[in-house]
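I have placed the structure first, in the form of structure tokens, so that the comments after it can refer back to it.
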Amino acid sequence: MKALIQKLSTSTAGYSTLALRVPVGIIFMAHGAQKLFGWFGGYGLEGTGGWMESIGLAPGFLMALLAGSAEFFGGLFILLGLLTRPAAIALAFTMLVAIFSVHFANGLFMSNNGYEFGLALLAASVSLALSGSGKAAVDQVLAKKLA
């Protein structure tokens, strides 16, 4: 287990990933908070779950809990640079589901509820999954302690 955590937390990326992690982490946390807690104009678990059920993602409450948790906690982990790769993979999967179950049929542009924003978040998540957290991250502290 120690070797796995060390491998997941090791990154040769520099400080540039911090410029990606901070806004992406905040965005994901905000969207997750909408789903989980009803903050920032969101509908909370009940409302989001009902909507998810209506578009065929059932059971809706569970899907809202999973998506909201991935976004909120995954975003927090991305922001902190804590287990960045697994968090980014979970978020990439969440964005794939969002793109293809909600936005793809509407085309690219956000003005038509399209997938461009989800695609940008997917790209950022994949980038972080490949690069890791970079130097300014909790992952670096973990990797050094486990070495």
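Residues are named by chain letter and number: chains run A, B, ... in the order of the structure tokens, numbers start at 1 in each chain, and ligands are numbered from 1 in the order shown.
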
What lies within 6 Å of A:Gly44 using only C-alpha atoms, ignoring chain neighbours under 4 positions off, as a list in words?
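That gives Gln34, Lys35, Leu36, Phe37, Gly38 and Thr48 of chain A.
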
Give one line per residue of stretch 7-57 of chain A that approaches stretch 86-102 of chain A to at most 9 Å, naming the two atoms of the closest pair and their distance in Å to one decimal, counting only C-alpha atoms; sort by chain then ascending residue number and deliver it as JSON lines.
{"residue": "A:Leu8", "atom": "CA", "partner": "A:Pro86", "partner_atom": "CA", "distance": 7.6}
{"residue": "A:Phe28", "atom": "CA", "partner": "A:Leu91", "partner_atom": "CA", "distance": 8.4}
{"residue": "A:Ile55", "atom": "CA", "partner": "A:Ser101", "partner_atom": "CA", "distance": 7.9}
{"residue": "A:Gly56", "atom": "CA", "partner": "A:Ser101", "partner_atom": "CA", "distance": 8.5}
{"residue": "A:Leu57", "atom": "CA", "partner": "A:Ser101", "partner_atom": "CA", "distance": 8.3}

With distances taken over only C-alpha atoms, which of A:Ala13, A:Val126, A:Ala67, A:Ala3 is nearest to A:Met29?
A:Ala67

Using only C-alpha atoms, find the one residue out of A:Gly60, A:Lys135, A:Leu119, A:Leu142 that sits nearest to A:Gly107.
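Closest to A:Gly107, using only C-alpha atoms: A:Leu119.
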
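Distances from A:Phe104, A:Lys7, A:Trp39, A:Lys2 to A:Gly118 were compared using only C-alpha atoms, and the smallest one belongs to A:Phe104.
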
For A:Val141, which residue out of A:Asn112, A:Leu83, A:His31, A:Leu45 is the nearest one, using only C-alpha atoms?
A:Leu83

Restricting the calculation to only C-alpha atoms, which member of A:Gly134, A:Gly32, A:Pro23, A:Gly49 is positioned closest to A:Arg85?
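Of A:Gly134, A:Gly32, A:Pro23, A:Gly49, the one nearest A:Arg85 is A:Gly134, counting only C-alpha atoms.
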
Which residues are close to A:Thr12, i.e. within 12 Å by only C-alpha atoms, leaving aside same-chain residues fewer than 5 positions away? Reply as a list in words.
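Here the qualifying residues turn out to be Lys7, Thr17, Leu128, Leu130, Ser131, Gly132, Ser133, Gly134, Lys135, Ala136, Ala137, Asp139, Gln140 and Ala143 of chain A.
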
Assign secondary structure with DSSP using the backbone only, and return the residues of chain A in helix (DSSP H, G or I) as a PyMOL selection string.
chain A and resi 2-9+16-37+44-54+60-80+84-106+110-112+116-131+138-146

For the atom pair atom CA of A:Leu121 and atom CA of A:Gly42, what is the interatomic distance in Å to one decimal place?
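Answer for the atom CA of A:Leu121 to atom CA of A:Gly42 separation: 19.0 Å.
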
Which residues are close to A:Leu20, i.e. within 8 Å by only C-alpha atoms, leaving aside same-chain residues fewer than 4 positions away? Reply as a list in words.
Ser16, Val24 and Ala124 of chain A
